[in-house]
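The structure appears right after this line, and notes come after that.
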Amino acid sequence: MDYVTEVRDATPSEGMVRLDADTSMSPGSFEAALRAVGGAVLAVDEVFSKKATNAFVATRPPGHHAETARPMGFCLFDNAAIAARYAQKRHGITSAAIVDFDVHHGNGSQEIFWADRSVMYCSTHQMPLFPGTGAVGETGDFNTIVNAPLRPGDGSDAFRAAFENRVLPRLHEFAPDLIIISAGFDAHMRDPLANLNLAEADFGWVTQKIMEIADHCAGVASFRSWKAAMIWKRLRIQRPLTSPR
């Protein structure tokens, strides 16, 4: 709670305050960040209470750059990481996986679960690019970090190959009880601040592939009679063109 308190106490009563070179807060930032976390947690509850099969969460601010006790890259709290841990603590699942196809690497999600054998983090991202992490050799203490960096200029073929050859086989082998998609769409060809060339069809394709694994994992888990695999997507809608994330 110390970190949460520090972020709360940093909230300005007016104007803006900078937490680092990229991350600023306005008077409404802390509440917005709490609501974003709350949306992720509610999505987990809706799935595990069988009110929904899958859940879609459209929230700002994003989360995957926020580390255990460090805001970064416009992120205050790691929504996807919190959702995964909440599902373990509240609903008793054994394992979870976060799949991240944002154009930037989710250094926060990686840092949080680096030494945790119960959560797998998989990422495709442009490299080199902010934040500078995400090399193939970064695998975590228990080989549960799966990075598949893409080169500037890569498009559909390279993206799909990275998933088919590296990410999806590892995800299938890990067989998590819950899959969370940390879905940034700034790898799109029209994003002005990065250099990947994905199209709308690529996001649909990869989401379907991940959902197929979620279906499989739910079907083979003998202790569940219901589909516990939940797809959570963080949609970046109406993102300002000045935003690097």
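All residue names refer to the structure tokens as shown: chains lettered A, B, ... in order, residues numbered from 1 in each chain, ligands numbered from 1 in order.
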_Taking 4 positions as the minimum chain separation for residues in the same chain, which residues sit within 6 Å of segment 96-113 of chain A when counting only C-alpha atoms? Answer as a VMD selection string._
chain A and resid 64 to 68 119 to 126 134 176 to 187
Keeping only C-alpha atoms, write those residues as a PDB file, in the first residue's frame.
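What landed in result_0.pdb:
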ATOM      1  CA  HIS A  64       2.006  -2.235 -18.585  1.00  0.00           C
ATOM      2  CA  HIS A  65       4.912   0.163 -17.951  1.00  0.00           C
ATOM      3  CA  ALA A  66       4.128   0.592 -14.235  1.00  0.00           C
ATOM      4  CA  GLU A  67       6.433  -1.538 -12.098  1.00  0.00           C
ATOM      5  CA  THR A  68       5.908  -2.830  -8.569  1.00  0.00           C
ATOM      6  CA  VAL A 119       2.269 -16.140 -14.156  1.00  0.00           C
ATOM      7  CA  MET A 120       3.572 -16.153 -17.717  1.00  0.00           C
ATOM      8  CA  TYR A 121       4.196 -12.879 -19.533  1.00  0.00           C
ATOM      9  CA  CYS A 122       4.401 -12.935 -23.342  1.00  0.00           C
ATOM     10  CA  SER A 123       5.099  -9.902 -25.502  1.00  0.00           C
ATOM     11  CA  THR A 124       5.552  -8.865 -29.105  1.00  0.00           C
ATOM     12  CA  HIS A 125       6.856  -5.320 -29.479  1.00  0.00           C
ATOM     13  CA  GLN A 126       9.075  -3.151 -31.615  1.00  0.00           C
ATOM     14  CA  GLY A 134      12.120  -7.023 -24.000  1.00  0.00           C
ATOM     15  CA  PRO A 176      -2.989 -21.077 -17.737  1.00  0.00           C
ATOM     16  CA  ASP A 177      -6.292 -20.917 -15.910  1.00  0.00           C
ATOM     17  CA  LEU A 178      -6.724 -17.329 -17.055  1.00  0.00           C
ATOM     18  CA  ILE A 179      -5.468 -15.393 -20.076  1.00  0.00           C
ATOM     19  CA  ILE A 180      -5.309 -11.613 -20.021  1.00  0.00           C
ATOM     20  CA  ILE A 181      -4.593  -9.661 -23.197  1.00  0.00           C
ATOM     21  CA  SER A 182      -2.794  -6.393 -22.619  1.00  0.00           C
ATOM     22  CA  ALA A 183      -3.965  -4.956 -25.910  1.00  0.00           C
ATOM     23  CA  GLY A 184      -2.345  -1.804 -27.183  1.00  0.00           C
ATOM     24  CA  PHE A 185      -3.115  -1.046 -30.808  1.00  0.00           C
ATOM     25  CA  ASP A 186      -0.212   1.298 -31.494  1.00  0.00           C
ATOM     26  CA  ALA A 187       1.528  -1.332 -33.624  1.00  0.00           C
TER      27      ALA A 187
END
*Taking the DSSP assignment computed from this structure's backbone, write out as a VMD selection string all residues of segment 3-158 of chain A that belong to strand (DSSP E or B).*
chain A and resid 17 to 18 24 to 25 57 67 70 72 75 96 to 100 119 to 126 145 to 150 155
How would the residues just chosen look if you wrote them out with C-alpha atoms as a PDB file, in the first residue's frame?
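Saved result, result-v6.pdb, follows:
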ATOM      1  CA  VAL A  17       2.735  17.341 -11.689  1.00  0.00           C
ATOM      2  CA  ARG A  18       5.415  15.209 -13.342  1.00  0.00           C
ATOM      3  CA  SER A  24       2.211  13.283 -15.369  1.00  0.00           C
ATOM      4  CA  MET A  25      -0.778  13.574 -13.056  1.00  0.00           C
ATOM      5  CA  VAL A  57     -12.209  -3.549 -20.589  1.00  0.00           C
ATOM      6  CA  GLU A  67       6.433  -1.538 -12.098  1.00  0.00           C
ATOM      7  CA  ARG A  70       7.438   2.827  -9.948  1.00  0.00           C
ATOM      8  CA  MET A  72       6.440   4.937 -15.874  1.00  0.00           C
ATOM      9  CA  CYS A  75       1.186   4.238 -16.334  1.00  0.00           C
ATOM     10  CA  ALA A  96      -2.422 -16.923 -15.296  1.00  0.00           C
ATOM     11  CA  ALA A  97      -0.863 -15.556 -18.458  1.00  0.00           C
ATOM     12  CA  ILE A  98      -0.630 -12.024 -19.808  1.00  0.00           C
ATOM     13  CA  VAL A  99      -0.221 -11.633 -23.560  1.00  0.00           C
ATOM     14  CA  ASP A 100       0.872  -8.161 -24.650  1.00  0.00           C
ATOM     15  CA  VAL A 119       2.269 -16.140 -14.156  1.00  0.00           C
ATOM     16  CA  MET A 120       3.572 -16.153 -17.717  1.00  0.00           C
ATOM     17  CA  TYR A 121       4.196 -12.879 -19.533  1.00  0.00           C
ATOM     18  CA  CYS A 122       4.401 -12.935 -23.342  1.00  0.00           C
ATOM     19  CA  SER A 123       5.099  -9.902 -25.502  1.00  0.00           C
ATOM     20  CA  THR A 124       5.552  -8.865 -29.105  1.00  0.00           C
ATOM     21  CA  HIS A 125       6.856  -5.320 -29.479  1.00  0.00           C
ATOM     22  CA  GLN A 126       9.075  -3.151 -31.615  1.00  0.00           C
ATOM     23  CA  ILE A 145       8.887 -14.518 -19.659  1.00  0.00           C
ATOM     24  CA  VAL A 146       8.482 -14.895 -23.428  1.00  0.00           C
ATOM     25  CA  ASN A 147       9.666 -11.967 -25.530  1.00  0.00           C
ATOM     26  CA  ALA A 148       9.366 -11.919 -29.312  1.00  0.00           C
ATOM     27  CA  PRO A 149      10.698  -8.520 -30.420  1.00  0.00           C
ATOM     28  CA  LEU A 150       9.949  -7.220 -33.900  1.00  0.00           C
ATOM     29  CA  GLY A 155       4.271  -6.115 -40.582  1.00  0.00           C
TER      30      GLY A 155
END
*Give me the residues within 12 Å of Glu164 of chain A as a list in words, counting only C-alpha atoms and dropping any in the same chain fewer than 5 places off.*
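The contact residues come out as Thr124, Ala148, Ser156, Asp157, Ala158, Phe159, Pro169, Arg170, Leu171, His172, Trp205, Val206, Lys209 and Ile210 of chain A.
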*Between A:His91, A:Asp78, A:Glu173, A:Val4, which has the minimum distance to Val47 of chain A (counting only C-alpha atoms)?*
A:His91
*May I ask which of the residues A:Glu138, A:Glu31, A:Glu212, A:Asp191 is the closest one to Thr11 of chain A, counting only C-alpha atoms?*
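Closest to Thr11 of chain A, using only C-alpha atoms: A:Glu31.
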*If you run DSSP on this backbone, which residues of segment 22-130 of chain A come out as helix (DSSP H, G or I), and could you give them as number ranges by chain?*
A: 29-48, 79-91, 107-112
Requested write-out: N, CA and C atoms of the selected residues, as a compact mmCIF listing (two decimals), in the first residue's frame:
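The result, written out as part_15.txt:
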# COMPACT_ATOMS: atom_id res chain seq x y z
N SER A 29 -6.24 12.23 -12.06
CA SER A 29 -5.49 11.05 -12.51
C SER A 29 -5.59 9.87 -11.55
N PHE A 30 -5.51 10.13 -10.26
CA PHE A 30 -5.52 9.03 -9.30
C PHE A 30 -6.86 8.29 -9.34
N GLU A 31 -7.95 9.05 -9.37
CA GLU A 31 -9.26 8.41 -9.45
C GLU A 31 -9.41 7.63 -10.75
N ALA A 32 -8.94 8.20 -11.86
CA ALA A 32 -9.02 7.50 -13.14
C ALA A 32 -8.24 6.19 -13.09
N ALA A 33 -7.06 6.22 -12.47
CA ALA A 33 -6.25 5.02 -12.37
C ALA A 33 -6.93 3.96 -11.50
N LEU A 34 -7.57 4.38 -10.41
CA LEU A 34 -8.29 3.44 -9.56
C LEU A 34 -9.47 2.82 -10.32
N ARG A 35 -10.16 3.62 -11.10
CA ARG A 35 -11.29 3.11 -11.88
C ARG A 35 -10.82 2.12 -12.95
N ALA A 36 -9.64 2.39 -13.52
CA ALA A 36 -9.09 1.45 -14.50
C ALA A 36 -8.79 0.10 -13.86
N VAL A 37 -8.18 0.14 -12.68
CA VAL A 37 -7.93 -1.10 -11.94
C VAL A 37 -9.25 -1.77 -11.58
N GLY A 38 -10.21 -0.98 -11.14
CA GLY A 38 -11.51 -1.53 -10.77
C GLY A 38 -12.21 -2.20 -11.93
N GLY A 39 -12.06 -1.63 -13.13
CA GLY A 39 -12.65 -2.26 -14.31
C GLY A 39 -12.04 -3.63 -14.58
N ALA A 40 -10.73 -3.72 -14.42
CA ALA A 40 -10.05 -5.00 -14.63
C ALA A 40 -10.49 -6.04 -13.60
N VAL A 41 -10.59 -5.62 -12.35
CA VAL A 41 -11.00 -6.52 -11.29
C VAL A 41 -12.45 -6.97 -11.48
N LEU A 42 -13.31 -6.03 -11.86
CA LEU A 42 -14.71 -6.39 -12.11
C LEU A 42 -14.83 -7.39 -13.26
N ALA A 43 -14.01 -7.21 -14.29
CA ALA A 43 -14.04 -8.15 -15.42
C ALA A 43 -13.69 -9.56 -14.95
N VAL A 44 -12.70 -9.68 -14.09
CA VAL A 44 -12.34 -10.99 -13.53
C VAL A 44 -13.53 -11.58 -12.77
N ASP A 45 -14.16 -10.77 -11.94
CA ASP A 45 -15.30 -11.27 -11.17
C ASP A 45 -16.45 -11.71 -12.07
N GLU A 46 -16.71 -10.94 -13.13
CA GLU A 46 -17.81 -11.28 -14.03
C GLU A 46 -17.57 -12.62 -14.71
N VAL A 47 -16.34 -12.90 -15.08
CA VAL A 47 -16.03 -14.16 -15.74
C VAL A 47 -16.11 -15.33 -14.76
N PHE A 48 -15.52 -15.15 -13.59
CA PHE A 48 -15.49 -16.26 -12.65
C PHE A 48 -16.83 -16.49 -11.96
N ASN A 79 -2.64 -2.56 -14.62
CA ASN A 79 -3.98 -3.13 -14.56
C ASN A 79 -4.00 -4.63 -14.85
N ALA A 80 -3.26 -5.05 -15.87
CA ALA A 80 -3.26 -6.46 -16.24
C ALA A 80 -2.63 -7.31 -15.14
N ALA A 81 -1.53 -6.83 -14.57
CA ALA A 81 -0.87 -7.57 -13.50
C ALA A 81 -1.77 -7.68 -12.28
N ILE A 82 -2.45 -6.60 -11.95
CA ILE A 82 -3.35 -6.61 -10.79
C ILE A 82 -4.50 -7.58 -11.03
N ALA A 83 -5.03 -7.60 -12.26
CA ALA A 83 -6.12 -8.53 -12.58
C ALA A 83 -5.67 -9.98 -12.42
N ALA A 84 -4.46 -10.28 -12.86
CA ALA A 84 -3.95 -11.65 -12.74
C ALA A 84 -3.80 -12.06 -11.28
N ARG A 85 -3.18 -11.20 -10.48
CA ARG A 85 -2.96 -11.54 -9.07
C ARG A 85 -4.30 -11.60 -8.32
N TYR A 86 -5.22 -10.70 -8.66
CA TYR A 86 -6.54 -10.71 -8.02
C TYR A 86 -7.25 -12.03 -8.29
N ALA A 87 -7.16 -12.51 -9.53
CA ALA A 87 -7.81 -13.78 -9.87
C ALA A 87 -7.24 -14.93 -9.05
N GLN A 88 -5.94 -14.88 -8.79
CA GLN A 88 -5.32 -15.92 -7.98
C GLN A 88 -5.77 -15.84 -6.53
N LYS A 89 -5.78 -14.65 -5.99
CA LYS A 89 -6.09 -14.50 -4.57
C LYS A 89 -7.59 -14.60 -4.28
N ARG A 90 -8.41 -14.05 -5.15
CA ARG A 90 -9.85 -14.02 -4.90
C ARG A 90 -10.55 -15.30 -5.37
N HIS A 91 -10.11 -15.80 -6.52
CA HIS A 91 -10.83 -16.92 -7.12
C HIS A 91 -10.04 -18.22 -7.09
N ASN A 107 7.50 -3.45 -19.74
CA ASN A 107 8.55 -3.65 -18.74
C ASN A 107 7.98 -3.85 -17.34
N GLY A 108 6.86 -3.19 -17.04
CA GLY A 108 6.26 -3.32 -15.72
C GLY A 108 5.73 -4.71 -15.47
N SER A 109 4.97 -5.25 -16.42
CA SER A 109 4.45 -6.61 -16.27
C SER A 109 5.59 -7.61 -16.15
N GLN A 110 6.64 -7.40 -16.93
CA GLN A 110 7.78 -8.30 -16.86
C GLN A 110 8.46 -8.23 -15.50
N GLU A 111 8.67 -7.02 -15.00
CA GLU A 111 9.33 -6.86 -13.71
C GLU A 111 8.52 -7.47 -12.58
N ILE A 112 7.22 -7.28 -12.62
CA ILE A 112 6.35 -7.77 -11.54
C ILE A 112 6.38 -9.29 -11.45
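Relative to atom CA of Gly28 of chain A, atom CA of Gly132 of chain A is found at 29.4 Å.
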*Looking at only C-alpha atoms, which of A:Asn143, A:Thr5, A:Ser118, A:Thr133 is the one that sits closest to Ile93 of chain A?*
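When distances to Ile93 of chain A are compared using only C-alpha atoms, the smallest one comes from A:Ser118.
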*Using atom CA of Arg166 of chain A and atom CA of Ala214 of chain A as the two end points, give the distance in Å to one decimal.*
16.8 Å
